[in-house]
Structure formats: structure tokens, C-alpha cells
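Asker: target-v1.txt is reproduced in full below (compact mmCIF, C-alpha atoms).
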# COMPACT_ATOMS: atom_id res chain seq x y z
CA MET Z 1 2.96 -36.52 -2.00
CA THR Z 2 3.43 -34.26 1.04
CA SER Z 3 6.09 -31.58 0.62
CA LEU Z 4 9.04 -31.61 3.01
CA THR Z 5 8.91 -27.87 3.73
CA ARG Z 6 6.04 -26.23 5.63
CA ILE Z 7 6.00 -22.46 5.86
CA GLY Z 8 3.48 -20.58 7.93
CA VAL Z 9 2.19 -17.18 6.86
CA ASP Z 10 0.59 -14.47 8.97
CA ALA Z 11 -2.65 -13.89 7.05
CA THR Z 12 -4.32 -11.71 9.66
CA SER Z 13 -3.88 -8.69 7.37
CA TRP Z 14 -5.51 -10.44 4.42
CA VAL Z 15 -8.75 -8.43 4.35
CA ASN Z 16 -7.15 -5.07 5.09
CA ARG Z 17 -7.77 -2.51 2.34
CA ARG Z 18 -4.46 -0.70 2.66
CA GLY Z 19 -1.20 -1.42 0.87
CA TYR Z 20 0.12 -4.08 3.19
CA GLY Z 21 -3.12 -6.04 2.86
CA ARG Z 22 -2.84 -5.84 -0.91
CA PHE Z 23 0.78 -7.00 -0.70
CA ALA Z 24 -0.23 -10.04 1.35
CA ARG Z 25 -3.04 -11.05 -1.01
CA ASN Z 26 -1.02 -10.69 -4.20
CA ALA Z 27 2.46 -11.79 -3.16
CA ILE Z 28 1.28 -14.77 -1.09
CA GLY Z 29 -1.35 -15.74 -3.64
CA ARG Z 30 1.25 -15.99 -6.39
CA LEU Z 31 3.79 -17.58 -4.04
CA VAL Z 32 1.42 -20.45 -3.25
CA ALA Z 33 0.76 -20.96 -6.96
CA LEU Z 34 4.43 -20.87 -8.01
CA ASP Z 35 6.06 -22.80 -5.17
CA GLY Z 36 4.22 -26.10 -5.40
CA ASP Z 37 6.99 -28.02 -3.63
CA THR Z 38 6.27 -26.15 -0.38
CA THR Z 39 3.21 -26.37 1.84
CA TYR Z 40 2.01 -22.91 2.84
CA VAL Z 41 -0.22 -22.65 5.90
CA LEU Z 42 -2.10 -19.37 6.31
CA VAL Z 43 -2.61 -18.46 9.97
CA ILE Z 44 -5.74 -16.34 10.12
CA ASP Z 45 -8.31 -15.25 12.67
CA GLU Z 46 -11.81 -16.70 12.48
CA GLU Z 47 -13.45 -13.34 11.71
CA SER Z 48 -11.17 -12.49 8.77
CA ALA Z 49 -11.42 -16.03 7.41
CA ARG Z 50 -15.16 -15.61 6.89
CA THR Z 51 -14.63 -13.05 4.12
CA ALA Z 52 -11.05 -13.65 2.97
CA GLU Z 53 -10.54 -15.15 -0.50
CA LEU Z 54 -7.57 -17.34 0.31
CA PRO Z 55 -5.54 -19.13 -2.38
CA PRO Z 56 -6.90 -22.66 -2.94
CA GLY Z 57 -3.47 -24.29 -2.80
CA ALA Z 58 -2.79 -23.20 0.78
CA GLU Z 59 -3.77 -24.81 4.06
CA GLN Z 60 -5.40 -22.81 6.83
CA LEU Z 61 -4.83 -22.59 10.56
CA ARG Z 62 -7.64 -20.60 12.14
CA VAL Z 63 -7.21 -18.92 15.51
CA SER Z 64 -10.05 -17.48 17.57
CA LEU Z 65 -9.24 -13.90 18.63
CA SER Z 66 -11.05 -11.28 20.65
CA ARG Z 67 -10.36 -8.43 18.21
CA VAL Z 68 -10.04 -8.30 14.42
CA PRO Z 69 -6.27 -7.98 13.78
CA SER Z 70 -6.54 -5.52 10.88
CA GLU Z 71 -8.17 -3.07 13.31
CA ALA Z 72 -6.12 -3.90 16.40
CA ALA Z 73 -2.80 -3.48 14.58
CA SER Z 74 -3.56 -0.19 12.86
CA ALA Z 75 -3.47 3.34 14.26
CA ASP Z 76 -3.07 2.47 17.94
CA SER Z 77 -0.68 -0.41 17.15
CA PHE Z 78 -2.09 -2.47 20.01
CA ARG Z 79 -3.40 -6.01 20.28
CA PRO Z 80 -4.89 -7.60 23.38
CA PRO Z 81 -2.14 -9.64 25.12
CA GLY Z 82 -4.35 -12.73 25.10
CA ASP Z 83 -4.60 -12.57 21.30
CA LEU Z 84 -0.82 -12.29 20.98
CA VAL Z 85 -0.40 -15.34 23.19
CA ARG Z 86 -2.96 -17.36 21.21
CA LEU Z 87 -1.35 -16.51 17.88
CA GLY Z 88 2.18 -17.17 19.09
CA ALA Z 89 1.20 -20.45 20.70
CA ALA Z 90 -0.58 -21.65 17.56
CA VAL Z 91 2.48 -20.94 15.43
CA SER Z 92 4.84 -22.58 17.92
CA ARG Z 93 2.72 -25.73 18.12
CA ALA Z 94 2.59 -26.01 14.33
CA ARG Z 95 6.40 -26.34 14.17
CA PHE Z 96 6.81 -24.64 10.82
CA ASP Z 97 10.16 -24.62 9.01
CA ALA Z 98 9.78 -20.84 8.76
CA PHE Z 99 7.10 -18.27 9.41
CA LEU Z 100 6.41 -15.22 7.25
CA PHE Z 101 5.06 -11.86 8.38
CA PRO Z 102 4.26 -10.02 5.11
CA SER Z 103 4.33 -6.79 7.12
CA VAL Z 104 5.46 -5.78 10.59
CA TYR Z 105 2.04 -4.15 11.12
CA THR Z 106 0.48 -7.42 12.27
CA TYR Z 107 3.59 -8.91 13.86
CA PHE Z 108 3.29 -11.06 16.98
CA PRO Z 109 6.07 -12.86 18.87
CA SER Z 110 6.54 -16.58 18.34
CA VAL Z 111 9.20 -19.06 19.46
CA ARG Z 112 10.85 -22.15 18.01
CA VAL Z 113 10.39 -21.00 14.40
CA PRO Z 114 12.63 -18.88 12.14
CA THR Z 115 10.75 -15.74 11.09
CA VAL Z 116 10.88 -13.60 7.96
CA VAL Z 117 9.52 -10.07 8.44
CA GLY Z 118 8.57 -7.40 5.91
CA LEU Z 119 9.47 -3.79 6.77
CA HIS Z 120 7.73 -1.79 4.06
CA ASP Z 121 8.84 1.68 5.13
CA LEU Z 122 9.85 3.97 7.99
CA ILE Z 123 6.86 6.29 7.74
CA ALA Z 124 5.92 5.80 11.39
CA GLU Z 125 9.46 6.83 12.38
CA ASP Z 126 9.65 9.78 9.98
CA PHE Z 127 6.16 11.13 10.69
CA PRO Z 128 5.06 9.72 14.06
CA GLU Z 129 2.57 12.50 14.73
CA LEU Z 130 0.94 11.87 11.34
CA THR Z 131 0.63 8.10 11.67
CA LEU Z 132 0.32 7.18 15.36
CA PRO Z 133 -2.20 9.14 17.45
CA SER Z 134 -0.65 8.99 20.93
CA ARG Z 135 2.59 8.56 22.84
CA ARG Z 136 1.42 5.14 23.99
CA SER Z 137 0.81 3.96 20.43
CA ARG Z 138 4.27 5.18 19.40
CA VAL Z 139 5.87 3.26 22.26
CA PHE Z 140 3.96 0.09 21.34
CA TRP Z 141 4.95 0.49 17.71
CA GLY Z 142 8.61 0.98 18.55
CA VAL Z 143 8.73 -2.04 20.84
CA LYS Z 144 6.95 -4.22 18.29
CA GLN Z 145 9.25 -3.25 15.44
CA GLN Z 146 12.41 -3.63 17.50
CA LEU Z 147 11.33 -7.07 18.65
CA ALA Z 148 10.40 -8.13 15.12
CA VAL Z 149 13.75 -7.00 13.72
CA ARG Z 150 15.76 -8.55 16.54
CA LEU Z 151 14.09 -11.96 16.31
CA ALA Z 152 13.83 -12.20 12.51
CA ARG Z 153 16.10 -14.57 10.67
CA ARG Z 154 15.55 -12.64 7.44
CA LEU Z 155 14.10 -9.22 6.62
CA PHE Z 156 12.80 -7.73 3.40
CA THR Z 157 11.37 -4.46 2.15
CA VAL Z 158 9.58 -3.34 -1.02
CA SER Z 159 11.98 -1.01 -2.85
CA GLU Z 160 15.65 -0.14 -3.09
CA ALA Z 161 14.84 3.33 -1.71
CA ALA Z 162 13.24 1.78 1.36
CA ARG Z 163 16.13 -0.65 1.72
CA GLN Z 164 18.70 2.13 1.82
CA GLU Z 165 16.73 4.16 4.37
CA ILE Z 166 15.92 1.20 6.63
CA SER Z 167 19.52 -0.03 6.46
CA ALA Z 168 20.87 3.36 7.51
CA ARG Z 169 18.28 4.16 10.16
CA LEU Z 170 17.98 0.73 11.80
CA ARG Z 171 21.65 -0.19 11.26
CA ILE Z 172 20.85 -3.31 9.29
CA PRO Z 173 23.49 -4.27 6.69
CA ALA Z 174 21.90 -3.66 3.31
CA GLU Z 175 22.92 -7.12 2.07
CA LYS Z 176 20.82 -8.67 4.86
CA LEU Z 177 17.71 -6.76 3.78
CA ALA Z 178 16.17 -8.22 0.64
CA VAL Z 179 13.93 -6.33 -1.80
CA VAL Z 180 10.56 -7.85 -2.68
CA PRO Z 181 8.90 -5.21 -4.89
CA GLU Z 182 5.19 -4.65 -5.23
CA ALA Z 183 3.22 -4.62 -8.49
CA PRO Z 184 -0.18 -3.57 -9.82
CA ASP Z 185 -2.95 -6.09 -9.26
CA PRO Z 186 -4.19 -7.54 -12.59
CA VAL Z 187 -7.50 -5.73 -11.99
CA PHE Z 188 -5.71 -2.47 -12.78
CA ARG Z 189 -5.83 -2.22 -16.55
CA ALA Z 190 -7.40 0.24 -18.98
CA ARG Z 191 -11.17 -0.27 -19.03
CA PRO Z 192 -13.67 0.08 -21.91
CA HIS Z 193 -15.45 3.39 -22.36
CA ALA Z 194 -18.85 2.05 -21.29
CA GLU Z 195 -17.47 0.73 -17.98
CA VAL Z 196 -15.69 4.00 -17.30
CA GLU Z 197 -18.77 6.09 -17.98
CA ARG Z 198 -20.85 3.94 -15.64
CA GLU Z 199 -18.43 4.38 -12.75
CA LEU Z 200 -17.99 8.10 -13.38
CA THR Z 201 -21.74 8.53 -13.15
CA ALA Z 202 -21.75 6.57 -9.90
CA VAL Z 203 -19.37 9.03 -8.21
CA GLY Z 204 -21.19 12.09 -9.54
CA LEU Z 205 -19.27 13.00 -12.69
CA ALA Z 206 -20.94 13.90 -15.95
CA ALA Z 207 -20.05 12.06 -19.15
CA GLY Z 208 -16.82 13.46 -20.59
CA GLU Z 209 -16.20 15.74 -17.61
CA PRO Z 210 -12.46 16.21 -16.94
CA TYR Z 211 -11.21 15.41 -13.45
CA LEU Z 212 -8.15 14.93 -11.33
CA LEU Z 213 -8.03 11.81 -9.20
CA TYR Z 214 -6.48 11.04 -5.85
CA ALA Z 215 -6.99 7.43 -4.71
CA SER Z 216 -5.33 6.14 -1.57
CA GLY Z 217 -5.66 6.32 2.19
CA ILE Z 218 -7.02 9.51 3.74
CA SER Z 219 -4.19 9.69 6.25
CA PRO Z 220 -2.22 12.79 7.34
CA HIS Z 221 1.05 11.66 5.73
CA LYS Z 222 -0.74 11.26 2.40
CA ASN Z 223 -0.73 15.07 2.24
CA VAL Z 224 -4.14 15.50 0.60
CA GLU Z 225 -4.38 19.12 1.80
CA THR Z 226 -1.55 20.14 -0.55
CA LEU Z 227 -3.56 18.75 -3.47
CA LEU Z 228 -6.64 20.65 -2.29
CA GLU Z 229 -4.66 23.90 -2.16
CA ALA Z 230 -3.26 23.30 -5.64
CA TYR Z 231 -6.74 22.60 -6.98
CA ALA Z 232 -8.07 25.80 -5.39
CA SER Z 233 -5.25 27.74 -7.03
CA ILE Z 234 -6.09 26.26 -10.44
CA ARG Z 235 -9.71 27.29 -10.05
CA ARG Z 236 -8.66 30.84 -9.15
CA SER Z 237 -6.41 31.04 -12.22
CA GLY Z 238 -9.32 31.07 -14.66
CA PRO Z 239 -12.52 29.38 -15.78
CA ILE Z 240 -11.38 25.76 -15.99
CA ALA Z 241 -14.01 23.01 -15.96
CA LEU Z 242 -12.21 20.47 -13.78
CA LYS Z 243 -13.39 18.34 -10.89
CA LEU Z 244 -11.27 16.71 -8.19
CA VAL Z 245 -12.15 13.20 -7.00
CA VAL Z 246 -10.63 12.19 -3.65
CA ALA Z 247 -11.30 8.46 -3.33
CA GLY Z 248 -10.47 6.58 -0.15
CA ALA Z 249 -12.10 5.24 2.99
CA LEU Z 250 -13.22 8.09 5.23
CA ASP Z 251 -13.62 5.78 8.24
CA ASP Z 252 -10.26 4.03 8.04
CA ALA Z 253 -8.94 2.21 11.09
CA PHE Z 254 -5.67 4.07 10.56
CA LEU Z 255 -5.13 7.60 11.79
CA SER Z 256 -7.50 9.52 9.53
CA ALA Z 257 -7.28 13.01 8.07
CA ALA Z 258 -10.90 12.93 6.87
CA ASP Z 259 -12.06 15.71 9.19
CA SER Z 260 -9.17 18.02 8.28
CA VAL Z 261 -9.69 17.28 4.58
CA ARG Z 262 -13.36 18.24 4.82
CA ALA Z 263 -12.48 21.37 6.81
CA ARG Z 264 -9.87 22.43 4.26
CA ILE Z 265 -12.37 21.98 1.42
CA ASP Z 266 -14.74 24.32 3.24
CA GLN Z 267 -12.00 26.86 3.99
CA LEU Z 268 -10.89 26.92 0.36
CA GLU Z 269 -14.53 27.16 -0.83
CA ILE Z 270 -14.07 24.36 -3.36
CA GLY Z 271 -16.84 22.08 -2.17
CA ASP Z 272 -18.70 22.37 -5.47
CA GLY Z 273 -15.71 20.90 -7.31
CA VAL Z 274 -14.50 18.16 -4.96
CA LEU Z 275 -16.10 14.72 -4.81
CA LEU Z 276 -15.55 12.40 -1.83
CA PRO Z 277 -16.95 9.01 -2.83
CA GLY Z 278 -15.22 7.19 0.04
CA PHE Z 279 -13.93 3.67 -0.50
CA VAL Z 280 -14.42 2.34 -4.03
CA SER Z 281 -13.94 -1.21 -5.27
CA ASP Z 282 -10.89 -2.14 -7.32
CA ASP Z 283 -12.96 -2.47 -10.48
CA ALA Z 284 -14.46 0.99 -9.94
CA LEU Z 285 -11.03 2.41 -9.17
CA ALA Z 286 -9.58 0.96 -12.38
CA CYS Z 287 -12.32 2.79 -14.27
CA LEU Z 288 -11.61 6.04 -12.42
CA TYR Z 289 -7.90 5.71 -13.22
CA THR Z 290 -8.69 5.02 -16.88
CA GLY Z 291 -10.85 8.10 -17.28
CA ALA Z 292 -8.78 10.56 -15.25
CA THR Z 293 -7.23 13.63 -16.82
CA ALA Z 294 -4.40 13.01 -14.37
CA VAL Z 295 -3.81 11.07 -11.17
CA VAL Z 296 -2.05 12.96 -8.38
CA VAL Z 297 -0.20 11.26 -5.52
CA PRO Z 298 1.09 13.93 -3.08
CA SER Z 299 2.40 11.62 -0.30
CA LEU Z 300 5.13 12.82 2.03
CA ALA Z 301 6.59 9.29 2.09
CA GLU Z 302 6.00 5.86 0.57
CA GLY Z 303 7.74 2.52 0.77
CA PHE Z 304 6.95 1.62 -2.83
CA GLY Z 305 4.24 3.99 -4.08
CA LEU Z 306 1.72 1.46 -5.36
CA PRO Z 307 -1.10 3.90 -6.27
CA ALA Z 308 1.16 5.60 -8.83
CA VAL Z 309 2.00 2.28 -10.50
CA GLU Z 310 -1.64 1.13 -10.44
CA ALA Z 311 -2.73 4.38 -12.10
CA ALA Z 312 -0.03 4.09 -14.76
CA ALA Z 313 -1.07 0.49 -15.44
CA CYS Z 314 -4.52 1.83 -16.33
CA GLY Z 315 -3.04 4.35 -18.76
CA ALA Z 316 -3.36 7.47 -16.62
CA PRO Z 317 -0.71 10.23 -16.62
CA VAL Z 318 0.59 10.68 -13.08
CA VAL Z 319 1.80 13.69 -11.11
CA LEU Z 320 3.83 12.62 -8.08
CA SER Z 321 5.48 14.06 -5.01
CA ASP Z 322 9.24 14.04 -5.49
CA ILE Z 323 10.20 11.32 -3.01
CA PRO Z 324 12.68 8.44 -3.49
CA ALA Z 325 10.07 5.67 -3.85
CA HIS Z 326 8.20 7.53 -6.61
CA ARG Z 327 11.43 8.28 -8.46
CA GLU Z 328 12.42 4.62 -8.28
CA THR Z 329 9.13 3.17 -9.48
CA MET Z 330 8.20 5.72 -12.16
CA GLY Z 331 11.57 7.10 -13.25
CA ASP Z 332 11.10 9.89 -15.81
CA GLU Z 333 7.61 8.73 -16.79
CA ALA Z 334 5.77 11.18 -14.51
CA LEU Z 335 5.73 14.83 -13.53
CA PHE Z 336 7.19 15.51 -10.10
CA PHE Z 337 6.69 18.30 -7.58
CA SER Z 338 8.01 19.16 -4.12
CA ALA Z 339 5.63 17.42 -1.74
CA ARG Z 340 4.72 20.46 0.36
CA ASP Z 341 4.57 22.99 -2.48
CA PRO Z 342 0.99 23.50 -3.77
CA ASP Z 343 2.14 26.18 -6.24
CA GLU Z 344 4.55 23.79 -7.91
CA LEU Z 345 1.85 21.13 -8.00
CA SER Z 346 -0.67 23.48 -9.61
CA GLU Z 347 1.94 24.43 -12.22
CA ARG Z 348 2.50 20.76 -13.09
CA ILE Z 349 -1.23 20.12 -13.39
CA LEU Z 350 -1.77 23.20 -15.56
CA ARG Z 351 1.07 22.08 -17.80
CA LEU Z 352 -0.71 18.75 -18.31
CA LEU Z 353 -4.05 20.43 -18.91
CA GLY Z 354 -2.49 22.57 -21.59
CA SER Z 355 -0.93 19.77 -23.63
CA ASP Z 356 -2.73 16.74 -25.04
CA MET Z 357 0.62 15.56 -26.40
CA LEU Z 358 2.24 15.61 -22.94
CA ARG Z 359 -0.69 13.76 -21.39
CA ARG Z 360 -0.57 11.04 -24.05
CA SER Z 361 3.20 10.73 -23.83
CA LEU Z 362 3.20 10.38 -20.03
CA ALA Z 363 0.34 7.90 -20.17
CA GLU Z 364 2.05 5.70 -22.76
CA ARG Z 365 5.47 5.81 -21.12
CA GLY Z 366 4.03 5.27 -17.67
CA HIS Z 367 2.05 2.27 -18.86
CA ARG Z 368 5.21 0.66 -20.21
CA ARG Z 369 7.02 1.42 -16.96
CA ALA Z 370 4.28 -0.15 -14.81
CA ALA Z 371 4.42 -3.32 -16.92
CA ARG Z 372 7.90 -3.99 -15.53
CA PHE Z 373 6.43 -4.87 -12.16
CA THR Z 374 4.72 -8.25 -11.73
CA TRP Z 375 3.53 -10.17 -8.70
CA ASP Z 376 5.15 -13.30 -10.14
CA ALA Z 377 8.54 -11.60 -9.86
CA SER Z 378 7.67 -10.47 -6.34
CA ALA Z 379 6.64 -14.00 -5.35
CA GLU Z 380 9.87 -15.44 -6.72
CA ALA Z 381 11.93 -12.94 -4.72
CA LEU Z 382 9.92 -13.73 -1.60
CA ARG Z 383 10.34 -17.47 -2.16
CA ASP Z 384 14.12 -17.02 -2.23
CA VAL Z 385 14.05 -15.10 1.06
CA LEU Z 386 11.87 -17.73 2.74
CA HIS Z 387 13.91 -20.70 1.62
CA SER Z 388 17.13 -19.02 2.70
CA ALA Z 389 15.55 -18.67 6.16
CA VAL Z 390 14.66 -22.35 6.15
CA LYS Z 391 18.27 -23.21 5.30
CA GLY Z 392 19.49 -21.22 8.30
CA ALA Z 393 20.80 -17.99 6.80
CA PRO Z 394 22.36 -15.62 9.37
CA ARG Z 395 19.93 -13.44 11.25
CA GLY Z 396 19.39 -10.07 9.51
How does the structure come out when it is put into C-alpha cells?
Answerer:
Amino acid sequence: MTSLTRIGVDATSWVNRRGYGRFARNAIGRLVALDGDTTYVLVIDEESARTAELPPGAEQLRVSLSRVPSEAASADSFRPPGDLVRLGAAVSRARFDAFLFPSVYTYFPSVRVPTVVGLHDLIAEDFPELTLPSRRSRVFWGVKQQLAVRLARRLFTVSEAARQEISARLRIPAEKLAVVPEAPDPVFRARPHAEVERELTAVGLAAGEPYLLYASGISPHKNVETLLEAYASIRRSGPIALKLVVAGALDDAFLSAADSVRARIDQLEIGDGVLLPGFVSDDALACLYTGATAVVVPSLAEGFGLPAVEAAACGAPVVLSDIPAHRETMGDEALFFSARDPDELSERILRLLGSDMLRRSLAERGHRRAARFTWDASAEALRDVLHSAVKGAPRG
């Protein structure tokens, strides 16, 4: 029996490695599985569709584009006009009851269909010089976001902290901005010792060697340099056998800080202690989280702060920059430091290194905290937002 409701989904971010790609894969994957009374149609470009693992219960609408969307919509925030027209026309012809953009990053205008748009954060507004490389890219980003917000029937974000900020800054009534939280992918769980040892060896760590782990994008607003400075300070404080693993794609399509990170490592003369394995698979990352002495997330801003929750789900103690999203997701189950203060960060790390009891306590409490977040709950919240758009809720 054919369902009465057909909802289109922008799946052009499906293969992207960053947080909004992970949100699309997990939230939409569970949404398709849970909402069997609705037909979901994933609109995806031909190139991405070749490698994307799309949920079996969804239909596909493939569109031929001149540029891979996950690259075109990243740092320069620009898509060829012809691609925008092709995508918009395909969605308009399909006559969906509603159309979902899991993130504004890959937004494109469409007509004759109510849209639901995800605004994950305001990082591009708060730190434009750290996220968008040129004045032109900032203008394109601003126009795209304004258009998306103006035309959307419903809007959502990923945390209460993000909701409050977006509501205040963009003058959107908070009650018209739903919260669809993120969650750790099921792949992120504590791994057996043998698996962990194998992955540690692969990145250049010796068996049993203690290490700090950073695992996220190598972008300027991720503030990796503060972690490097804190690590250098720890090494100067005494003979501590401790490595630092900085895992993340060094050739990201987003504005990258890879060159400045490498330069800072050289300036601080810590190259013998810092490992840069680049992008690692989720399975490898789960092993790195499991074996880490501590996971450090020094971001200047986050919409949700998924790396912290993923690390906690694997049983790692976490040390986090003191920003609203981290406080909301991890509560008191982490150590916090002022984001731009390497001395405070080094003090927090040394405190962890000096207490097995504190490390175990944070790991256990953090693991319980992370278990509160599930993609099923996220999918249910998203389903409610979508069906309210179908029913003609006021524009938000």
C-alpha cells in the first residue's frame, strides 16, 4: 500500500565526513526505519550516490550535477547556478508534501513545496574569518542562510544552547525553532583490548603507551593550537611519557588549519610527541577513543559537540572547552577549561594524569551521560517537525 505522505530529503551531504553529514546519515536513516507510514525520497547527486549507503526503505531521486555538493557547499559556500536550478527543479517537479534540508550547508532554493531546514549553529556568524575564507564566501553564506530561513515552513537546531543563540541572533521565536539533538553513532562503543592495540599500532603508538586524543575537523575554530600549547607546557613541566594524537582530515574541503597546526608543532618543538594520522575510519576512531588517557575537545564553538559525546560513549574521560553546547551535553561529567587558555587546559590534563580515580569516575559518569542520547529519539523529534510542516504549521 502506497503511503499518503511523500517527504523529500536533501541527501547531497550524505557522504560528507563532518558533523552535518553524520547527522544526515543517522537521523534520516532512523527516520526512514521508524516512520513506515511515510515515503521518504532521498534527492542525491549521481556522484555521491555511487558511494552512499542509503537506507533501504527510502526511494531515490538522482540528479546529475557538475560539482560534488559536499565540496561545493563547504568553505567557499558556493554552488554553480546551473546545479542549483537542476536541484530546485527536480524537487519542484516531484511535488513532495514537504522537503527536508538536514543542514543549511547544502541548501538550495525550491518552490511549491514546504521546506524544513536545520540550522545547527551560528559558527560562521561568530567566527567568519575562521570558517569562511573570503568576503565573497561570507556574502554567499549570508544570502543562502537568510533565504533558507525566510522560505522555511519549519526550522530546527541540535541543542537548546544553539536554539537560544539562534533565536536571539536571527530573531526567530524560540517556540518556532525545534530541537532535534544528535547522538553517538552505534559504532562508538568501548572496544576489546586486541582491537584497540591493533589501531594504536597503526597510528604509531606503542602498546600501553599513554596518549591524549583530539579527533574532529582540523579547522581554525576547532582551536587545536591551544591544545598544542597545553601539551608543550605539560612536556616542559617534567618527564611525562605522553603522546598527543591529532586525528582528522588534513585535506578537508572546509577551511583548514592544517598548515598552521603543523607550523605550531614545529615552533613548539613537540614534533616527536605529536602524531597526525589524518582521517581515520569510525571503527579505528572508536578504538582510539577507548584507549585514550583523555580526549580533549578545545573548540571555540559547537552546535551540539558530538565528538565529546562519541568519546564518552567509548568510555573515555573528556576535557572540554567551556562553551554552552559542551555544558549542555556533558553536564558535570567532564573537566572544563576556558577555550583560549592553554595554562588552564594543561592544569586540567595534569589533574587527570595524576588521579586514576578521577579518570575512572569521569569515564563512568560520562558513559552514562552519553547513553541518554539516541538517534531514535532524534528521528522521532525530526518526524514531528516534518509532519507539522506537512499539516501547514506557521512559517518559523
Asker: What are the closest atom pairs, with distances in Å to one decimal, for each residue of range 17-51 of chain Z lying within 10 Å of range 184-195 of chain Z, using only C-alpha atoms, rows by chain and rising residue number, as a Markdown table?
Answerer:
| residue | atom | partner | partner_atom | distance |
| --- | --- | --- | --- | --- |
| Z:Arg22 | CA | Z:Asp185 | CA | 8.4 |
| Z:Phe23 | CA | Z:Asp185 | CA | 9.4 |
| Z:Arg25 | CA | Z:Asp185 | CA | 9.6 |
| Z:Asn26 | CA | Z:Asp185 | CA | 7.1 |
| Z:Ala27 | CA | Z:Asp185 | CA | 9.9 |
Asker: Hey, can you check how far CA of Asp259 in chain Z sits from CA of Val309 in chain Z?
Answerer: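 These atoms are spaced 27.7 Å apart.
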Asker: Can you pull out the residues contacting Leu212 in chain Z? Cut-off 6 Å, using all atoms listed in the file, and skip same-chain residues under 6 positions away; I want them as a list in words.
Answerer: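 Returned residues: Leu244, Ala292, Thr293, Ala294 and Val295 of chain Z.
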Asker: Using all atoms listed in the file, which residue out of Z:Glu364, Z:Asp121, Z:Glu165, Z:Glu46 lies closest to Gln145 in chain Z?
Answerer: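 Smallest distance to Gln145 in chain Z is found for Z:Asp121.
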Asker: Can you list, as a PyMOL selection string, every protein, DNA or RNA residue that comes within 9 Å of Ala301 in chain Z when you count only C-alpha atoms, leaving out same-chain residues fewer than 4 positions away?
Answerer: chain Z and resi 121-123+126-127+221-222+305+321+323-325
Asker: Please identify all polymer residues within 9 Å of Leu386 in chain Z, counting only C-alpha atoms, omitting same-chain residues fewer than 3 positions from it, and present them as a short mmCIF file (atom, residue, chain, number, x, y, z; two decimals) with C-alpha atoms, in the coordinates of the input.
Answerer:
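The resulting file, around_24.cif, is reproduced below:
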data_model
loop_
_atom_site.label_atom_id
_atom_site.label_comp_id
_atom_site.auth_asym_id
_atom_site.auth_seq_id
_atom_site.Cartn_x
_atom_site.Cartn_y
_atom_site.Cartn_z
CA ILE Z 7 6.00 -22.46 5.86
CA ALA Z 98 9.78 -20.84 8.76
CA PHE Z 99 7.10 -18.27 9.41
CA LEU Z 100 6.41 -15.22 7.25
CA THR Z 115 10.75 -15.74 11.09
CA VAL Z 116 10.88 -13.60 7.96
CA ARG Z 154 15.55 -12.64 7.44
CA ALA Z 381 11.93 -12.94 -4.72
CA LEU Z 382 9.92 -13.73 -1.60
CA ARG Z 383 10.34 -17.47 -2.16
CA ALA Z 389 15.55 -18.67 6.16
CA VAL Z 390 14.66 -22.35 6.15
CA LYS Z 391 18.27 -23.21 5.30
#
Asker: Could you check which of Z:Ala286, Z:Leu132, Z:Ala183, Z:Val117 is closest to Thr157 in chain Z, using all atoms listed in the file?
Answerer: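 The answer is Z:Val117, which sits nearest to Thr157 in chain Z.
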Asker: List every protein, DNA or RNA residue with an atom no more than 7 Å from (1.0, 23.4, -5.7) in the file's coordinates, counting only C-alpha atoms, and format the result as a PyMOL selection string.
Answerer: chain Z and resi 226-227+229-230+341-347
Asker: Between CA of Glu333 in chain Z and CA of Gly366 in chain Z, what is the distance in Å, rounded to a tenth?
Answerer: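 Separation of CA of Glu333 in chain Z and CA of Gly366 in chain Z: 5.1 Å.
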Asker: What is the CA of Ala316 in chain Z-CA of Arg262 in chain Z distance in Å, reported with one decimal?
Answerer: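 For CA of Ala316 in chain Z relative to CA of Arg262 in chain Z, the distance reads 26.0 Å.
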Asker: Counting only C-alpha atoms, which of Z:Ala263, Z:Ala215, Z:Leu276, Z:Ala89 gets nearest to Val297 in chain Z?
Answerer: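 The answer is Z:Ala215, which sits nearest to Val297 in chain Z.
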Asker: Nearest to Ala90 in chain Z: which of Z:Gly278, Z:Gly8, Z:Gly392, Z:Pro298 is it, counting only C-alpha atoms?
Answerer: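 So, comparing all the options, the nearest one is Z:Gly8.
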